[in-house]
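Visitor: My questions will all concern the structure given below.
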Amino acid sequence: MSIRNKPRDAAVFGIDIGKTVFHVVGLDAEHSPIQKATFRRETVLQFFERASPVLVGMEACPGSQWLARKLQAMGHTVRIVPAQFVKPFVKSNKNDIIDAEAIAEAVTRPTMRFVEIRTPEQIDLQALHRVRDRMIAHRTRLISQMRAFCLEYGIAIHQGAGKFKADMPRVLADEGNELSPAMRHLLNEVFGELGDLEQRIAAMNREIEAIAARSDTARRLMTVPGVGPLASTALLASAGNGRQFRKARDLAAWLGLVPREYSTGGKTRLLGISKRGNKYLRRMIIHGARSCVTHLDRSRDRLGPWLDGLESRMHKNKVTVALAAKIARILWVVLTKPGASYERRDPAFG
């Protein structure tokens with residue numbers, strides 16, 4: 001390591017992460033740049049091993065979690081900033097050193113929001129959910145493609161994966177329909193691919209359910225209406241222990257389940273939900289809320305009278321999203337309080 005790349009007494013370092021090249025900028029206590037350096041992947045850790053414990057910032061991107069854990073183990077304080085919050089600090093032109101300097105400035109702001117540093121177990125669990133989500137999307141594409149092929153021969157199949165899987169064998173076995181031999185053979189091949197995919201999805205579901213069964217926190221989260229193994233483990237993978245949120249509403253806002261605000265001149269204007277954050281987890285919680293709106297026993301659950309009051313004055317879709325936001329708040333309480341779980345006590349005795 002050259003003399004120029006020796007660690008200096010900086011108050012904060014900003015790192016612009018690349019696949020093989022890392023750009024580092026150090027700022028002093030007055031936030032003036034005092035060091036700019038470029039490292040290969042194998043030397044960046046050596047640089048920070050020689051540096052005194054200091055605040056280190058980086059953008060949220062693939063590889064940031066790994067580097068953050070490495071730097072934390074060396075005694076540094078690490079902050080990961082969402083990329084959209086760094087952009088306002090980029091001045092004029094853009095290059096990797098300017099980006100690193102902007103990151104160093106961004107992490108010093110007292111109101112900045114940071115990404116939680118996840119454990120390897122959280123990353124493994126999140127990867128499992130993302131692979132499953134990709135498989136579900138691929139299954140939908142296969143079904144839509146086969147349904148479209150059948151329509152070209154005047155054969156309409158019911159919508160929905162369950163009905164499609166029940167109808168497709170009958171269509172393929174019916175020699176009296178207008179399917180050509182080539183198309184019948186192709187549909188058999190694609191339907192076989194769908195069957196293999198269904199087996200992989202089922203195996204992944206069982207793996208997620210086993211993880212949820214072994215986790216005390218996941219079991220407590222599943223006491224909340226509309227929350228099952230998928231939603232509970234997805235929340236643990238994304239939010240960890242939830243203590244990065246100061247209050248329950250912060251978790252709901254992080255999931256994009258609160259109104260988006262556009263106010264000016266003293267006039268408050270609330271729009272639809274912001275849809276920020278983890279869309280996969282938000283979708284899980286909204287689907288769970290939709291199930292509750294339809295199937296929850298309102299005479300025995302404390303949420304029953306509240307749901308009845310909402311339905312009397314607003315559309316069912318708004319009721320569903322409002323319930324999803326309330327579920328998110330309840331999840332924060334269960335997540336952050338040891339031993340807490342949801343109690344579905346009768347409203348008459350609540």
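The way I read the labels, and the way they are meant: chains A, B, ... in the order of the structure tokens, residue 1 as the first residue of every chain, and ligand 1 as the first ligand shown, with later ones counted on from there.
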Name the residues in contact with Leu235 of chain A at a cut-off of 12 Å, using only C-alpha atoms, excluding same-chain residues fewer than 3 positions from it; report them as a PDB file with all heavy atoms, in the first residue's frame.
Guide:
```pdb
ATOM      1  N   GLN A 122     -30.327 -13.699   8.068  1.00  0.00           N
ATOM      2  CA  GLN A 122     -31.369 -12.895   7.429  1.00  0.00           C
ATOM      3  C   GLN A 122     -31.200 -12.876   5.915  1.00  0.00           C
ATOM      4  O   GLN A 122     -32.182 -12.971   5.165  1.00  0.00           O
ATOM      5  CB  GLN A 122     -31.318 -11.455   7.959  1.00  0.00           C
ATOM      6  CG  GLN A 122     -31.889 -11.271   9.348  1.00  0.00           C
ATOM      7  CD  GLN A 122     -31.796  -9.826   9.788  1.00  0.00           C
ATOM      8  OE1 GLN A 122     -30.788  -9.416  10.363  1.00  0.00           O
ATOM      9  NE2 GLN A 122     -32.815  -9.054   9.517  1.00  0.00           N
ATOM     10  N   ILE A 123     -29.976 -12.755   5.457  1.00  0.00           N
ATOM     11  CA  ILE A 123     -29.728 -12.721   4.015  1.00  0.00           C
ATOM     12  C   ILE A 123     -30.089 -14.052   3.369  1.00  0.00           C
ATOM     13  O   ILE A 123     -30.687 -14.098   2.284  1.00  0.00           O
ATOM     14  CB  ILE A 123     -28.258 -12.346   3.742  1.00  0.00           C
ATOM     15  CG1 ILE A 123     -28.006 -10.909   4.207  1.00  0.00           C
ATOM     16  CG2 ILE A 123     -27.912 -12.498   2.269  1.00  0.00           C
ATOM     17  CD1 ILE A 123     -26.570 -10.475   4.104  1.00  0.00           C
ATOM     18  N   LEU A 125     -32.355 -16.163   4.433  1.00  0.00           N
ATOM     19  CA  LEU A 125     -33.808 -16.272   4.439  1.00  0.00           C
ATOM     20  C   LEU A 125     -34.426 -15.367   3.380  1.00  0.00           C
ATOM     21  O   LEU A 125     -35.382 -15.758   2.694  1.00  0.00           O
ATOM     22  CB  LEU A 125     -34.342 -15.919   5.835  1.00  0.00           C
ATOM     23  CG  LEU A 125     -35.839 -16.101   6.080  1.00  0.00           C
ATOM     24  CD1 LEU A 125     -36.291 -17.501   5.726  1.00  0.00           C
ATOM     25  CD2 LEU A 125     -36.170 -15.789   7.541  1.00  0.00           C
ATOM     26  N   GLN A 126     -33.881 -14.167   3.231  1.00  0.00           N
ATOM     27  CA  GLN A 126     -34.398 -13.261   2.202  1.00  0.00           C
ATOM     28  C   GLN A 126     -34.148 -13.821   0.805  1.00  0.00           C
ATOM     29  O   GLN A 126     -35.003 -13.707  -0.081  1.00  0.00           O
ATOM     30  CB  GLN A 126     -33.754 -11.891   2.349  1.00  0.00           C
ATOM     31  CG  GLN A 126     -34.401 -10.824   1.466  1.00  0.00           C
ATOM     32  CD  GLN A 126     -33.881  -9.440   1.773  1.00  0.00           C
ATOM     33  OE1 GLN A 126     -32.695  -9.183   1.642  1.00  0.00           O
ATOM     34  NE2 GLN A 126     -34.759  -8.545   2.185  1.00  0.00           N
ATOM     35  N   HIS A 129     -36.792 -16.349  -0.013  1.00  0.00           N
ATOM     36  CA  HIS A 129     -38.055 -15.724  -0.416  1.00  0.00           C
ATOM     37  C   HIS A 129     -37.966 -15.164  -1.841  1.00  0.00           C
ATOM     38  O   HIS A 129     -38.925 -15.257  -2.613  1.00  0.00           O
ATOM     39  CB  HIS A 129     -38.411 -14.608   0.561  1.00  0.00           C
ATOM     40  CG  HIS A 129     -39.141 -15.094   1.768  1.00  0.00           C
ATOM     41  ND1 HIS A 129     -40.500 -15.324   1.791  1.00  0.00           N
ATOM     42  CD2 HIS A 129     -38.701 -15.420   3.018  1.00  0.00           C
ATOM     43  CE1 HIS A 129     -40.867 -15.741   2.983  1.00  0.00           C
ATOM     44  NE2 HIS A 129     -39.798 -15.814   3.753  1.00  0.00           N
ATOM     45  N   ALA A 212     -40.006 -21.212  10.029  1.00  0.00           N
ATOM     46  CA  ALA A 212     -40.960 -20.501  10.879  1.00  0.00           C
ATOM     47  C   ALA A 212     -41.286 -21.300  12.140  1.00  0.00           C
ATOM     48  O   ALA A 212     -41.431 -20.735  13.228  1.00  0.00           O
ATOM     49  CB  ALA A 212     -42.234 -20.200  10.096  1.00  0.00           C
ATOM     50  N   THR A 217     -39.864 -16.174  17.492  1.00  0.00           N
ATOM     51  CA  THR A 217     -40.407 -14.893  17.035  1.00  0.00           C
ATOM     52  C   THR A 217     -41.397 -15.090  15.903  1.00  0.00           C
ATOM     53  O   THR A 217     -42.458 -14.463  15.866  1.00  0.00           O
ATOM     54  CB  THR A 217     -39.269 -13.964  16.586  1.00  0.00           C
ATOM     55  OG1 THR A 217     -38.305 -13.831  17.627  1.00  0.00           O
ATOM     56  CG2 THR A 217     -39.809 -12.590  16.227  1.00  0.00           C
ATOM     57  N   ALA A 218     -41.072 -15.965  14.957  1.00  0.00           N
ATOM     58  CA  ALA A 218     -41.983 -16.223  13.837  1.00  0.00           C
ATOM     59  C   ALA A 218     -43.297 -16.816  14.341  1.00  0.00           C
ATOM     60  O   ALA A 218     -44.377 -16.456  13.848  1.00  0.00           O
ATOM     61  CB  ALA A 218     -41.321 -17.143  12.822  1.00  0.00           C
ATOM     62  N   LEU A 221     -45.312 -14.038  15.730  1.00  0.00           N
ATOM     63  CA  LEU A 221     -45.836 -13.188  14.657  1.00  0.00           C
ATOM     64  C   LEU A 221     -47.043 -13.832  13.976  1.00  0.00           C
ATOM     65  O   LEU A 221     -47.963 -13.142  13.536  1.00  0.00           O
ATOM     66  CB  LEU A 221     -44.741 -12.924  13.618  1.00  0.00           C
ATOM     67  CG  LEU A 221     -43.585 -12.015  14.042  1.00  0.00           C
ATOM     68  CD1 LEU A 221     -42.502 -12.008  12.978  1.00  0.00           C
ATOM     69  CD2 LEU A 221     -44.073 -10.592  14.301  1.00  0.00           C
ATOM     70  N   MET A 222     -47.046 -15.171  13.926  1.00  0.00           N
ATOM     71  CA  MET A 222     -48.150 -15.865  13.261  1.00  0.00           C
ATOM     72  C   MET A 222     -49.431 -15.876  14.076  1.00  0.00           C
ATOM     73  O   MET A 222     -50.464 -16.350  13.602  1.00  0.00           O
ATOM     74  CB  MET A 222     -47.725 -17.292  12.900  1.00  0.00           C
ATOM     75  CG  MET A 222     -46.761 -17.356  11.737  1.00  0.00           C
ATOM     76  SD  MET A 222     -46.437 -19.037  11.125  1.00  0.00           S
ATOM     77  CE  MET A 222     -45.428 -19.685  12.473  1.00  0.00           C
ATOM     78  N   VAL A 227     -51.316 -13.371   9.116  1.00  0.00           N
ATOM     79  CA  VAL A 227     -49.871 -13.578   9.033  1.00  0.00           C
ATOM     80  C   VAL A 227     -49.575 -15.067   9.172  1.00  0.00           C
ATOM     81  O   VAL A 227     -49.944 -15.692  10.171  1.00  0.00           O
ATOM     82  CB  VAL A 227     -49.124 -12.785  10.117  1.00  0.00           C
ATOM     83  CG1 VAL A 227     -47.629 -13.056  10.050  1.00  0.00           C
ATOM     84  CG2 VAL A 227     -49.400 -11.299   9.958  1.00  0.00           C
ATOM     85  N   GLY A 228     -48.930 -15.631   8.164  1.00  0.00           N
ATOM     86  CA  GLY A 228     -48.550 -17.026   8.178  1.00  0.00           C
ATOM     87  C   GLY A 228     -47.043 -17.181   8.096  1.00  0.00           C
ATOM     88  O   GLY A 228     -46.288 -16.213   8.285  1.00  0.00           O
ATOM     89  N   PRO A 229     -46.566 -18.390   7.785  1.00  0.00           N
ATOM     90  CA  PRO A 229     -45.117 -18.620   7.707  1.00  0.00           C
ATOM     91  C   PRO A 229     -44.409 -17.726   6.694  1.00  0.00           C
ATOM     92  O   PRO A 229     -43.293 -17.251   6.948  1.00  0.00           O
ATOM     93  CB  PRO A 229     -45.016 -20.100   7.313  1.00  0.00           C
ATOM     94  CG  PRO A 229     -46.294 -20.705   7.760  1.00  0.00           C
ATOM     95  CD  PRO A 229     -47.329 -19.642   7.601  1.00  0.00           C
ATOM     96  N   LEU A 230     -45.039 -17.468   5.547  1.00  0.00           N
ATOM     97  CA  LEU A 230     -44.387 -16.649   4.526  1.00  0.00           C
ATOM     98  C   LEU A 230     -44.193 -15.221   5.005  1.00  0.00           C
ATOM     99  O   LEU A 230     -43.097 -14.663   4.938  1.00  0.00           O
ATOM    100  CB  LEU A 230     -45.207 -16.671   3.234  1.00  0.00           C
ATOM    101  CG  LEU A 230     -45.214 -17.985   2.449  1.00  0.00           C
ATOM    102  CD1 LEU A 230     -46.176 -17.881   1.263  1.00  0.00           C
ATOM    103  CD2 LEU A 230     -43.821 -18.324   1.960  1.00  0.00           C
ATOM    104  N   ALA A 231     -45.257 -14.590   5.486  1.00  0.00           N
ATOM    105  CA  ALA A 231     -45.166 -13.186   5.906  1.00  0.00           C
ATOM    106  C   ALA A 231     -44.273 -13.030   7.130  1.00  0.00           C
ATOM    107  O   ALA A 231     -43.491 -12.074   7.223  1.00  0.00           O
ATOM    108  CB  ALA A 231     -46.559 -12.634   6.191  1.00  0.00           C
ATOM    109  N   SER A 232     -44.367 -13.959   8.076  1.00  0.00           N
ATOM    110  CA  SER A 232     -43.574 -13.827   9.302  1.00  0.00           C
ATOM    111  C   SER A 232     -42.081 -13.956   9.013  1.00  0.00           C
ATOM    112  O   SER A 232     -41.269 -13.168   9.515  1.00  0.00           O
ATOM    113  CB  SER A 232     -44.009 -14.870  10.328  1.00  0.00           C
ATOM    114  OG  SER A 232     -43.793 -16.183   9.848  1.00  0.00           O
ATOM    115  N   SER A 238     -36.306  -9.162   6.513  1.00  0.00           N
ATOM    116  CA  SER A 238     -36.161  -7.772   6.102  1.00  0.00           C
ATOM    117  C   SER A 238     -35.938  -6.817   7.262  1.00  0.00           C
ATOM    118  O   SER A 238     -35.134  -5.888   7.160  1.00  0.00           O
ATOM    119  CB  SER A 238     -37.411  -7.327   5.322  1.00  0.00           C
ATOM    120  OG  SER A 238     -37.597  -8.110   4.167  1.00  0.00           O
ATOM    121  N   ALA A 239     -36.662  -7.028   8.361  1.00  0.00           N
ATOM    122  CA  ALA A 239     -36.652  -6.064   9.465  1.00  0.00           C
ATOM    123  C   ALA A 239     -35.887  -6.534  10.692  1.00  0.00           C
ATOM    124  O   ALA A 239     -35.663  -5.739  11.607  1.00  0.00           O
ATOM    125  CB  ALA A 239     -38.085  -5.711   9.860  1.00  0.00           C
ATOM    126  N   GLY A 240     -35.493  -7.793  10.743  1.00  0.00           N
ATOM    127  CA  GLY A 240     -34.750  -8.280  11.906  1.00  0.00           C
ATOM    128  C   GLY A 240     -35.568  -8.180  13.177  1.00  0.00           C
ATOM    129  O   GLY A 240     -36.715  -8.626  13.238  1.00  0.00           O
ATOM    130  N   ASN A 241     -35.011  -7.537  14.212  1.00  0.00           N
ATOM    131  CA  ASN A 241     -35.740  -7.393  15.479  1.00  0.00           C
ATOM    132  C   ASN A 241     -36.642  -6.160  15.513  1.00  0.00           C
ATOM    133  O   ASN A 241     -37.340  -5.927  16.497  1.00  0.00           O
ATOM    134  CB  ASN A 241     -34.768  -7.357  16.664  1.00  0.00           C
ATOM    135  CG  ASN A 241     -33.759  -6.212  16.545  1.00  0.00           C
ATOM    136  OD1 ASN A 241     -33.951  -5.246  15.800  1.00  0.00           O
ATOM    137  ND2 ASN A 241     -32.662  -6.325  17.270  1.00  0.00           N
ATOM    138  N   GLY A 242     -36.617  -5.352  14.442  1.00  0.00           N
ATOM    139  CA  GLY A 242     -37.525  -4.208  14.341  1.00  0.00           C
ATOM    140  C   GLY A 242     -37.168  -3.018  15.200  1.00  0.00           C
ATOM    141  O   GLY A 242     -37.891  -2.013  15.207  1.00  0.00           O
ATOM    142  N   LEU A 251     -42.796   1.357  11.018  1.00  0.00           N
ATOM    143  CA  LEU A 251     -42.770   0.108  10.254  1.00  0.00           C
ATOM    144  C   LEU A 251     -43.801   0.135   9.135  1.00  0.00           C
ATOM    145  O   LEU A 251     -43.515  -0.278   8.005  1.00  0.00           O
ATOM    146  CB  LEU A 251     -43.018  -1.078  11.185  1.00  0.00           C
ATOM    147  CG  LEU A 251     -43.107  -2.456  10.503  1.00  0.00           C
ATOM    148  CD1 LEU A 251     -41.821  -2.775   9.750  1.00  0.00           C
ATOM    149  CD2 LEU A 251     -43.412  -3.549  11.519  1.00  0.00           C
ATOM    150  N   ALA A 252     -45.002   0.635   9.435  1.00  0.00           N
ATOM    151  CA  ALA A 252     -46.034   0.738   8.401  1.00  0.00           C
ATOM    152  C   ALA A 252     -45.596   1.677   7.279  1.00  0.00           C
ATOM    153  O   ALA A 252     -45.835   1.412   6.093  1.00  0.00           O
ATOM    154  CB  ALA A 252     -47.352   1.211   9.018  1.00  0.00           C
ATOM    155  N   TRP A 254     -42.442   2.335   6.471  1.00  0.00           N
ATOM    156  CA  TRP A 254     -41.346   1.656   5.780  1.00  0.00           C
ATOM    157  C   TRP A 254     -41.872   0.666   4.742  1.00  0.00           C
ATOM    158  O   TRP A 254     -41.264   0.457   3.689  1.00  0.00           O
ATOM    159  CB  TRP A 254     -40.475   0.953   6.815  1.00  0.00           C
ATOM    160  CG  TRP A 254     -39.332   0.167   6.271  1.00  0.00           C
ATOM    161  CD1 TRP A 254     -38.210   0.652   5.697  1.00  0.00           C
ATOM    162  CD2 TRP A 254     -39.194  -1.255   6.297  1.00  0.00           C
ATOM    163  NE1 TRP A 254     -37.372  -0.386   5.340  1.00  0.00           N
ATOM    164  CE2 TRP A 254     -37.954  -1.564   5.704  1.00  0.00           C
ATOM    165  CE3 TRP A 254     -40.000  -2.301   6.774  1.00  0.00           C
ATOM    166  CZ2 TRP A 254     -37.509  -2.874   5.565  1.00  0.00           C
ATOM    167  CZ3 TRP A 254     -39.548  -3.588   6.639  1.00  0.00           C
ATOM    168  CH2 TRP A 254     -38.314  -3.865   6.043  1.00  0.00           C
ATOM    169  N   LEU A 255     -43.043   0.081   5.026  1.00  0.00           N
ATOM    170  CA  LEU A 255     -43.660  -0.854   4.088  1.00  0.00           C
ATOM    171  C   LEU A 255     -44.493  -0.158   3.023  1.00  0.00           C
ATOM    172  O   LEU A 255     -45.033  -0.819   2.137  1.00  0.00           O
ATOM    173  CB  LEU A 255     -44.546  -1.846   4.851  1.00  0.00           C
ATOM    174  CG  LEU A 255     -43.811  -2.856   5.730  1.00  0.00           C
ATOM    175  CD1 LEU A 255     -44.802  -3.636   6.582  1.00  0.00           C
ATOM    176  CD2 LEU A 255     -42.995  -3.798   4.870  1.00  0.00           C
ATOM    177  N   ASN A 278     -40.214  -2.528   0.812  1.00  0.00           N
ATOM    178  CA  ASN A 278     -40.192  -3.907   0.324  1.00  0.00           C
ATOM    179  C   ASN A 278     -41.562  -4.275  -0.245  1.00  0.00           C
ATOM    180  O   ASN A 278     -42.498  -4.574   0.494  1.00  0.00           O
ATOM    181  CB  ASN A 278     -39.811  -4.839   1.483  1.00  0.00           C
ATOM    182  CG  ASN A 278     -39.533  -6.250   1.023  1.00  0.00           C
ATOM    183  OD1 ASN A 278     -40.145  -6.749   0.094  1.00  0.00           O
ATOM    184  ND2 ASN A 278     -38.593  -6.901   1.687  1.00  0.00           N
ATOM    185  N   LYS A 279     -41.683  -4.279  -1.564  1.00  0.00           N
ATOM    186  CA  LYS A 279     -42.987  -4.544  -2.186  1.00  0.00           C
ATOM    187  C   LYS A 279     -43.423  -5.995  -1.991  1.00  0.00           C
ATOM    188  O   LYS A 279     -44.624  -6.276  -1.951  1.00  0.00           O
ATOM    189  CB  LYS A 279     -42.962  -4.180  -3.665  1.00  0.00           C
ATOM    190  CG  LYS A 279     -42.006  -4.970  -4.516  1.00  0.00           C
ATOM    191  CD  LYS A 279     -42.064  -4.498  -5.961  1.00  0.00           C
ATOM    192  CE  LYS A 279     -41.102  -5.282  -6.849  1.00  0.00           C
ATOM    193  NZ  LYS A 279     -41.155  -4.807  -8.259  1.00  0.00           N
ATOM    194  N   TYR A 280     -42.466  -6.906  -1.890  1.00  0.00           N
ATOM    195  CA  TYR A 280     -42.813  -8.316  -1.662  1.00  0.00           C
ATOM    196  C   TYR A 280     -43.482  -8.483  -0.303  1.00  0.00           C
ATOM    197  O   TYR A 280     -44.545  -9.109  -0.192  1.00  0.00           O
ATOM    198  CB  TYR A 280     -41.548  -9.166  -1.745  1.00  0.00           C
ATOM    199  CG  TYR A 280     -41.734 -10.611  -1.367  1.00  0.00           C
ATOM    200  CD1 TYR A 280     -42.305 -11.519  -2.268  1.00  0.00           C
ATOM    201  CD2 TYR A 280     -41.355 -11.080  -0.114  1.00  0.00           C
ATOM    202  CE1 TYR A 280     -42.473 -12.851  -1.923  1.00  0.00           C
ATOM    203  CE2 TYR A 280     -41.510 -12.407   0.233  1.00  0.00           C
ATOM    204  CZ  TYR A 280     -42.076 -13.294  -0.672  1.00  0.00           C
ATOM    205  OH  TYR A 280     -42.238 -14.612  -0.325  1.00  0.00           O
ATOM    206  N   LEU A 281     -42.896  -7.898   0.738  1.00  0.00           N
ATOM    207  CA  LEU A 281     -43.472  -7.998   2.076  1.00  0.00           C
ATOM    208  C   LEU A 281     -44.790  -7.246   2.157  1.00  0.00           C
ATOM    209  O   LEU A 281     -45.742  -7.715   2.794  1.00  0.00           O
ATOM    210  CB  LEU A 281     -42.471  -7.455   3.098  1.00  0.00           C
ATOM    211  CG  LEU A 281     -42.867  -7.519   4.574  1.00  0.00           C
ATOM    212  CD1 LEU A 281     -43.268  -8.925   4.973  1.00  0.00           C
ATOM    213  CD2 LEU A 281     -41.726  -7.006   5.445  1.00  0.00           C
ATOM    214  N   ARG A 282     -44.860  -6.072   1.508  1.00  0.00           N
ATOM    215  CA  ARG A 282     -46.122  -5.331   1.500  1.00  0.00           C
ATOM    216  C   ARG A 282     -47.233  -6.159   0.840  1.00  0.00           C
ATOM    217  O   ARG A 282     -48.368  -6.193   1.315  1.00  0.00           O
ATOM    218  CB  ARG A 282     -45.940  -3.998   0.761  1.00  0.00           C
ATOM    219  CG  ARG A 282     -47.224  -3.162   0.717  1.00  0.00           C
ATOM    220  CD  ARG A 282     -46.998  -1.791   0.132  1.00  0.00           C
ATOM    221  NE  ARG A 282     -46.542  -1.835  -1.248  1.00  0.00           N
ATOM    222  CZ  ARG A 282     -45.326  -1.529  -1.653  1.00  0.00           C
ATOM    223  NH1 ARG A 282     -44.414  -1.163  -0.770  1.00  0.00           N
ATOM    224  NH2 ARG A 282     -44.986  -1.588  -2.917  1.00  0.00           N
ATOM    225  N   ARG A 283     -46.909  -6.828  -0.247  1.00  0.00           N
ATOM    226  CA  ARG A 283     -47.897  -7.656  -0.925  1.00  0.00           C
ATOM    227  C   ARG A 283     -48.370  -8.798  -0.021  1.00  0.00           C
ATOM    228  O   ARG A 283     -49.561  -9.108   0.021  1.00  0.00           O
ATOM    229  CB  ARG A 283     -47.285  -8.216  -2.213  1.00  0.00           C
ATOM    230  CG  ARG A 283     -48.275  -8.998  -3.061  1.00  0.00           C
ATOM    231  CD  ARG A 283     -47.695  -9.322  -4.419  1.00  0.00           C
ATOM    232  NE  ARG A 283     -46.663 -10.345  -4.352  1.00  0.00           N
ATOM    233  CZ  ARG A 283     -45.410 -10.174  -4.704  1.00  0.00           C
ATOM    234  NH1 ARG A 283     -44.989  -8.987  -5.112  1.00  0.00           N
ATOM    235  NH2 ARG A 283     -44.532 -11.166  -4.640  1.00  0.00           N
ATOM    236  N   MET A 284     -47.439  -9.412   0.707  1.00  0.00           N
ATOM    237  CA  MET A 284     -47.806 -10.498   1.618  1.00  0.00           C
ATOM    238  C   MET A 284     -48.793 -10.011   2.681  1.00  0.00           C
ATOM    239  O   MET A 284     -49.795 -10.675   2.984  1.00  0.00           O
ATOM    240  CB  MET A 284     -46.550 -11.040   2.289  1.00  0.00           C
ATOM    241  CG  MET A 284     -45.654 -11.861   1.396  1.00  0.00           C
ATOM    242  SD  MET A 284     -46.364 -13.473   1.089  1.00  0.00           S
ATOM    243  CE  MET A 284     -45.149 -14.121  -0.052  1.00  0.00           C
ATOM    244  N   ILE A 285     -48.499  -8.855   3.265  1.00  0.00           N
ATOM    245  CA  ILE A 285     -49.345  -8.360   4.347  1.00  0.00           C
ATOM    246  C   ILE A 285     -50.710  -7.920   3.816  1.00  0.00           C
ATOM    247  O   ILE A 285     -51.749  -8.151   4.455  1.00  0.00           O
ATOM    248  CB  ILE A 285     -48.635  -7.208   5.088  1.00  0.00           C
ATOM    249  CG1 ILE A 285     -47.397  -7.753   5.816  1.00  0.00           C
ATOM    250  CG2 ILE A 285     -49.571  -6.524   6.069  1.00  0.00           C
ATOM    251  CD1 ILE A 285     -46.583  -6.698   6.531  1.00  0.00           C
ATOM    252  N   ALA A 328     -49.445  -4.237  10.324  1.00  0.00           N
ATOM    253  CA  ALA A 328     -48.022  -3.883  10.389  1.00  0.00           C
ATOM    254  C   ALA A 328     -47.675  -3.282  11.749  1.00  0.00           C
ATOM    255  O   ALA A 328     -46.615  -3.580  12.318  1.00  0.00           O
ATOM    256  CB  ALA A 328     -47.676  -2.904   9.269  1.00  0.00           C
ATOM    257  N   LEU A 331     -47.570  -6.053  14.262  1.00  0.00           N
ATOM    258  CA  LEU A 331     -46.364  -6.848  14.067  1.00  0.00           C
ATOM    259  C   LEU A 331     -45.152  -6.181  14.728  1.00  0.00           C
ATOM    260  O   LEU A 331     -44.281  -6.869  15.275  1.00  0.00           O
ATOM    261  CB  LEU A 331     -46.100  -7.048  12.571  1.00  0.00           C
ATOM    262  CG  LEU A 331     -47.057  -7.989  11.842  1.00  0.00           C
ATOM    263  CD1 LEU A 331     -46.796  -7.952  10.341  1.00  0.00           C
ATOM    264  CD2 LEU A 331     -46.925  -9.417  12.365  1.00  0.00           C
ATOM    265  N   TRP A 332     -45.086  -4.854  14.669  1.00  0.00           N
ATOM    266  CA  TRP A 332     -43.965  -4.160  15.301  1.00  0.00           C
ATOM    267  C   TRP A 332     -43.965  -4.400  16.807  1.00  0.00           C
ATOM    268  O   TRP A 332     -42.910  -4.632  17.401  1.00  0.00           O
ATOM    269  CB  TRP A 332     -44.047  -2.666  15.012  1.00  0.00           C
ATOM    270  CG  TRP A 332     -42.943  -1.879  15.650  1.00  0.00           C
ATOM    271  CD1 TRP A 332     -41.681  -1.688  15.173  1.00  0.00           C
ATOM    272  CD2 TRP A 332     -42.990  -1.192  16.913  1.00  0.00           C
ATOM    273  NE1 TRP A 332     -40.939  -0.918  16.047  1.00  0.00           N
ATOM    274  CE2 TRP A 332     -41.717  -0.598  17.124  1.00  0.00           C
ATOM    275  CE3 TRP A 332     -43.984  -1.015  17.875  1.00  0.00           C
ATOM    276  CZ2 TRP A 332     -41.426   0.155  18.264  1.00  0.00           C
ATOM    277  CZ3 TRP A 332     -43.686  -0.274  19.016  1.00  0.00           C
ATOM    278  CH2 TRP A 332     -42.420   0.299  19.195  1.00  0.00           C
ATOM    279  N   VAL A 334     -45.266  -6.991  18.438  1.00  0.00           N
ATOM    280  CA  VAL A 334     -44.894  -8.380  18.696  1.00  0.00           C
ATOM    281  C   VAL A 334     -43.403  -8.582  18.466  1.00  0.00           C
ATOM    282  O   VAL A 334     -42.733  -9.319  19.197  1.00  0.00           O
ATOM    283  CB  VAL A 334     -45.716  -9.322  17.791  1.00  0.00           C
ATOM    284  CG1 VAL A 334     -45.254 -10.765  17.951  1.00  0.00           C
ATOM    285  CG2 VAL A 334     -47.201  -9.209  18.118  1.00  0.00           C
ATOM    286  N   LEU A 335     -42.863  -7.895  17.445  1.00  0.00           N
ATOM    287  CA  LEU A 335     -41.459  -8.065  17.076  1.00  0.00           C
ATOM    288  C   LEU A 335     -40.513  -7.474  18.111  1.00  0.00           C
ATOM    289  O   LEU A 335     -39.452  -8.035  18.387  1.00  0.00           O
ATOM    290  CB  LEU A 335     -41.226  -7.403  15.710  1.00  0.00           C
ATOM    291  CG  LEU A 335     -39.995  -7.788  14.899  1.00  0.00           C
ATOM    292  CD1 LEU A 335     -40.002  -9.272  14.588  1.00  0.00           C
ATOM    293  CD2 LEU A 335     -39.965  -6.971  13.601  1.00  0.00           C
TER     294      LEU A 335
END
```
Visitor: Can you check which residues of segment 73-185 of chain A DSSP gives as strand (DSSP E) on the backbone and send them as a list in words?
Guide: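 Written out, the strand (DSSP E) residues of segment 73-185 of chain A are Thr77, Val78, Arg79, Ile80 and Val81 of chain A.
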Visitor: Tell me, as an MDAnalysis selection string, which residues lie within 12 Å of Leu151 of chain A, counting only C-alpha atoms; anything in the same chain fewer than 6 positions away does not count.
Guide: chainID A and resid 144:145 157:158 171 177:179 183
Visitor: Point out the residue among A:Ile327, A:Leu270, A:Ile143, A:Ala340 with the least atom-to-atom distance to Arg290 of chain A, counting only C-alpha atoms.
Guide: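 Among the listed residues, A:Ile327 lies closest to Arg290 of chain A.
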Visitor: What's around segment 294-300 of chain A at 12 Å? Count only C-alpha atoms, leave out sequence neighbours fewer than 5 positions away in its own chain, and write the answer as a PyMOL selection string.
Guide: chain A and resi 224-226+287-289+305-309+311+316-317+319-320+323+343-350
